[in-house]
Amino acid sequence: MSKTKLPADFSGVHFHFVGIKGTGMAALVEIFHARGAVITGSDVSERFYTDEVLEKLGIKALPFDSRNINDEVQYVIYSSAYSAEKNPDLAEAKKRGLPMLLYTQALGALSETAFSSGVCGVHGKTTTTGIVGTLLKATGIPSQVLAGSIIASFGNSCTMTNLPSGSEAGEKPLFVAETCEYQRHFMDFSPKKIILTSVESDHQDYYPTFADIQEAFVDYIMKLPESGDLIYCADDKGASETAAIAFRKRPDLNLIPYGTEADGDFKIEFGKVLGGKQYFKIKALGEFALCVPGSHNVRNATAAVALVIRLLSSVGKNPLDYTDKIKAGLENFSGGKRRSEIVGRAKTPLGQDVIFIDDYGHHPTAINTTLSGYKEFYKGYKLIVDFMSHTYTRTQALLEEFASSFAAADDVIINKIYASARETPDATTVTGEILAEKAKRYHKSVYYAKEFDEAAKLGTKLLSKDCSEEFPNGYIFVTMGAGDNWKVGKMILDELSGEK
């Protein structure tokens with residue numbers, strides 16, 4: 001079956017999006033809209049945070065209906081949650097013989113209309129992509145960037161667009177996108193450059209072994225053109241091994257390592273944490289400051305800097321002329337939705353400060369590094385985490401790793417497991433309670449609260465204690481995971497703020 005290509009010029013072309021409220025879909029809508037496309041879309045009536053993104057563009061999601069597909073619609077793009085067998089929009093589009101592209105296929109087709117770079121890895125994709133977009137915005141170079149979540153420095157959007165008339169980037173604009181390894185979705189993308197943040201075992205329902213997921217990343221890297229840049233984290237064993245395998249297959253690749261273990265321009269030296277900023281040095285460029293916590297985010301920032309430097313060279317610019325703009329852009333990055341997002345502040349009954357943070361971390365490595373980052377960044381605060389594990393298969397496969405990942409936290413609350421739509425609870429024998437019992441072997445203060453109301457009551461109780469002698473600055477309360485346990489933090493925040 002031949003691939004459907006998108007027009008070089010989107011102006012006036014009518015696209016209909018089925019499942020338009022999905023995070024990736026809404027981001028794609030923003031990209032297409034900025035290029036002049038005419039857009040309609042359909043979805044369920046339930047309100048999502050992406051409704052605000054769509055409303056800014058003057059787009060309202062329609063109910064699913066075959067009448068949405070009229071004679072004006074030229075292309076249909078759809079979420080993997082829907083099929084022509086059950087969805088009336090898709091059934092009508094199929095009946096009419098319209099070009100129909102799955103979201104990942106549409107993203108791939110879009111990448112062929114631009115000078116495209118992909119950001120991939122088990123951890124850090126969204127944050128790294130968000131930093132890339134923030135830096136490109138600061139340089140003023142014509143570009144578009146698509147991240148997997150809302151980024152504050154994008155103007156609370158999933159995308160950054162800077163496409164003035166008379167593009168300096170040549171015939172094709174620069175395009176950077178977060179590209180996902182699950183079910184090899186990134187194989188639809190056509191990258192000229194790749195950032196590889198990390199490779200380790202994950203998505204066990206699709207990649208039973210580490211070798212399976214590593215092979216997928218290698219195959220993606222093989223899509224680079226001759227002498228294409230592979231920017232990889234030298235501090236991540238899996239990323240380094242994967243880069244080495246790819247290089248043995250393709251000695252023409254230009255390997256660009258970054259991290260404390262890197263040789264070359266993007267070697268990192270960590271500095272002090274002071275005044276809400278962490279300072280670090282990049283060998284070739286000097287000192288930088290970052291306003292989000294964690295050594296992992298310093299690495300993400302360095303990867304982003306490396307890609308922007310290479311992209312500037314690609315469009316005939318001297319990167320050294322842009323160093324000050326890149327440094328200023330990095331300080332302007334404040335994170336993304338559910339990525340170390342500060343969702344509120346309150347006072348305990350005893351008058352101590354509480355900062356509420358929500359984070360998407362759902363893999364043991366991400367949990368460990370993120371919590372350690374908070375402990376370093378927020379000195380003098382007691383750290384309480386409420387965690388909800390995502391998928392039974394991942395929890396079962398990495399049970400010991402999960403159990404031992406909360407070392408930096410002072411108190412740990414574990415909820416029931418958040419199941420994927422792709423699995424059933426009886427697929428494994430693991431439960432949230434089993435995870436909590438296992439975690440008690442590694443941590444002195446672990447509690448199991450199956451439901452959110454239980455967790456909120458427990459969290460409120462933990463916050464009612466006087467911690468001022470050991471933790472003079474107060475509390476950090478973190479909700480963490482890919483599920484919906486952010487509701488726990490909101491329940492406690494509302495109660496402490498008197499909004500219950």
# chains A, B, ... in the order shown; residues from 1 in each chain; ligands from 1

call {"tool": "residues_around", "arguments": {"residues": "A:Glu433", "least_positions_apart": "2", "cutoff": "8 Å", "atoms": "only C-alpha atoms", "output": "MDAnalysis selection string"}}
result
chainID A and resid 414:416 431 435:437 448 450

call {"tool": "residues_around", "arguments": {"residues": "A:Tyr418", "least_positions_apart": "5", "cutoff": "10 Å", "atoms": "only C-alpha atoms", "output": "ChimeraX atom specification"}}
result
/A:388-392,425,431-432,481-485

call {"tool": "write_last_selection", "arguments": {"atoms": "C-alpha atoms", "output": "tab-separated table (two decimals), in the first residue's frame"}}
result
chain	number	residue	atom	x	y	z
A	388	MET	CA	-0.12	5.46	40.86
A	389	SER	CA	1.55	2.82	38.72
A	390	HIS	CA	0.49	2.61	35.07
A	391	THR	CA	-0.23	-0.78	33.44
A	392	TYR	CA	-0.18	-4.15	35.11
A	425	PRO	CA	-6.44	-6.51	35.59
A	431	THR	CA	-1.68	-5.15	42.52
A	432	GLY	CA	-0.99	-1.73	43.99
A	481	GLY	CA	2.31	8.63	37.49
A	482	ALA	CA	0.60	8.36	34.12
A	483	GLY	CA	-2.82	7.80	35.69
A	484	ASP	CA	-5.31	10.30	37.13
A	485	ASN	CA	-4.05	10.46	40.72

call {"tool": "atom_distance", "arguments": {"atom1": "atom CA of A:Leu174", "atom2": "atom CA of A:Ala114"}}
result
5.9 Å

call {"tool": "select_by_dssp", "arguments": {"residues": "stretch 288-474 of chain A", "states": "strand (DSSP E or B)", "output": "ChimeraX atom specification"}}
result
/A:288-290,336,339,341-347,353-359,381-387,390,411-414,418,446-448,474

call {"tool": "residues_around", "arguments": {"residues": "A:Gly133", "least_positions_apart": "3", "cutoff": "9 Å", "atoms": "only C-alpha atoms", "output": "compact mmCIF listing (two decimals) with all heavy atoms, in the first residue's frame"}}
result
# COMPACT_ATOMS: atom_id res chain seq x y z
N THR A 128 12.41 17.47 26.69
CA THR A 128 13.48 17.82 25.75
C THR A 128 12.92 18.53 24.53
O THR A 128 13.47 19.54 24.07
CB THR A 128 14.26 16.55 25.31
OG1 THR A 128 14.76 15.89 26.48
CG2 THR A 128 15.41 16.90 24.40
N THR A 129 11.80 18.03 24.00
CA THR A 129 11.17 18.67 22.85
C THR A 129 10.70 20.08 23.21
O THR A 129 10.85 21.02 22.42
CB THR A 129 9.99 17.84 22.33
OG1 THR A 129 10.40 16.49 22.12
CG2 THR A 129 9.43 18.40 21.03
N GLY A 130 10.14 20.21 24.41
CA GLY A 130 9.71 21.54 24.87
C GLY A 130 10.86 22.52 24.97
O GLY A 130 10.73 23.69 24.61
N LEU A 136 14.52 27.40 20.01
CA LEU A 136 14.33 27.84 18.63
C LEU A 136 13.51 29.12 18.57
O LEU A 136 13.78 30.02 17.77
CB LEU A 136 13.64 26.75 17.81
CG LEU A 136 14.52 25.57 17.39
CD1 LEU A 136 13.68 24.47 16.73
CD2 LEU A 136 15.63 26.02 16.44
N LYS A 137 12.53 29.23 19.44
CA LYS A 137 11.72 30.45 19.52
C LYS A 137 12.62 31.63 19.89
O LYS A 137 12.49 32.73 19.32
CB LYS A 137 10.62 30.27 20.57
CG LYS A 137 9.67 31.43 20.72
CD LYS A 137 8.62 31.10 21.77
CE LYS A 137 7.64 32.26 21.98
NZ LYS A 137 6.63 31.93 23.02
N ALA A 138 13.55 31.41 20.81
CA ALA A 138 14.46 32.47 21.24
C ALA A 138 15.41 32.91 20.12
O ALA A 138 15.76 34.09 20.02
CB ALA A 138 15.26 32.01 22.46
N SER A 143 10.66 27.96 12.25
CA SER A 143 10.57 26.58 12.71
C SER A 143 9.19 26.31 13.29
O SER A 143 8.44 27.21 13.63
CB SER A 143 11.64 26.31 13.78
OG SER A 143 11.57 27.29 14.81
N GLN A 144 8.89 25.00 13.41
CA GLN A 144 7.72 24.52 14.13
C GLN A 144 8.15 23.34 15.00
O GLN A 144 8.98 22.54 14.58
CB GLN A 144 6.61 24.07 13.17
CG GLN A 144 5.86 25.21 12.50
CD GLN A 144 4.64 24.71 11.73
OE1 GLN A 144 4.78 23.94 10.79
NE2 GLN A 144 3.46 25.14 12.14
N VAL A 145 7.56 23.25 16.19
CA VAL A 145 7.91 22.18 17.12
C VAL A 145 6.62 21.61 17.72
O VAL A 145 5.71 22.36 18.09
CB VAL A 145 8.83 22.69 18.25
CG1 VAL A 145 9.14 21.58 19.25
CG2 VAL A 145 10.13 23.24 17.66
N LEU A 146 6.56 20.28 17.82
CA LEU A 146 5.39 19.59 18.37
C LEU A 146 5.84 18.74 19.55
O LEU A 146 6.65 17.83 19.39
CB LEU A 146 4.73 18.73 17.29
CG LEU A 146 3.42 18.01 17.64
CD1 LEU A 146 2.61 17.75 16.37
CD2 LEU A 146 3.66 16.68 18.35
N ALA A 147 5.29 19.03 20.73
CA ALA A 147 5.59 18.27 21.94
C ALA A 147 4.38 17.46 22.36
O ALA A 147 3.26 17.73 21.94
CB ALA A 147 6.01 19.21 23.07
N SER A 153 6.17 27.69 28.05
CA SER A 153 6.88 28.68 27.23
C SER A 153 6.44 28.69 25.78
O SER A 153 6.89 29.53 25.00
CB SER A 153 8.39 28.45 27.33
OG SER A 153 8.71 27.10 27.08
N PHE A 154 5.55 27.76 25.40
CA PHE A 154 4.93 27.80 24.07
C PHE A 154 3.65 28.64 24.11
O PHE A 154 2.90 28.67 23.14
CB PHE A 154 4.54 26.39 23.60
CG PHE A 154 5.69 25.50 23.19
CD1 PHE A 154 7.01 25.89 23.36
CD2 PHE A 154 5.45 24.25 22.63
CE1 PHE A 154 8.06 25.05 22.98
CE2 PHE A 154 6.49 23.41 22.25
CZ PHE A 154 7.79 23.81 22.44
N THR A 159 2.46 23.21 20.83
CA THR A 159 3.32 23.49 19.68
C THR A 159 3.91 24.89 19.74
O THR A 159 3.36 25.79 20.37
CB THR A 159 2.55 23.36 18.35
OG1 THR A 159 1.54 24.38 18.29
CG2 THR A 159 1.91 21.99 18.22
N MET A 160 5.04 25.05 19.08
CA MET A 160 5.65 26.35 18.89
C MET A 160 5.77 26.58 17.39
O MET A 160 6.29 25.73 16.67
CB MET A 160 7.03 26.39 19.54
CG MET A 160 7.74 27.77 19.54
SD MET A 160 8.38 28.32 17.94
CE MET A 160 9.67 27.12 17.62
N THR A 161 5.27 27.69 16.92
CA THR A 161 5.36 28.02 15.51
C THR A 161 6.00 29.39 15.33
O THR A 161 5.57 30.37 15.94
CB THR A 161 3.97 28.03 14.83
OG1 THR A 161 3.46 26.70 14.80
CG2 THR A 161 4.08 28.52 13.38
N VAL A 176 10.54 20.00 14.41
CA VAL A 176 11.03 19.09 15.44
C VAL A 176 9.82 18.50 16.15
O VAL A 176 8.90 19.24 16.53
CB VAL A 176 11.94 19.81 16.46
CG1 VAL A 176 12.45 18.82 17.51
CG2 VAL A 176 13.11 20.50 15.76
N ALA A 304 18.91 19.39 23.99
CA ALA A 304 18.20 20.41 23.21
C ALA A 304 19.15 21.46 22.65
O ALA A 304 19.04 21.86 21.48
CB ALA A 304 17.13 21.08 24.09

call {"tool": "residues_around", "arguments": {"residues": "stretch 191-202 of chain A", "least_positions_apart": "6", "cutoff": "7 Å", "atoms": "only C-alpha atoms", "output": "list in words"}}
result
Phe115, Ser116, Ser117, Gly118, Val119, Cys120, Gly121, Val122, His123, Gly124, Thr209, Phe210, Ile213, Gln214, Lys223, Leu224, Pro225, Gly228, Asp229, Leu230, Ile231, Tyr232, Cys233, Asp236, Gly238, Ala239, Ala303 and Arg394 of chain A
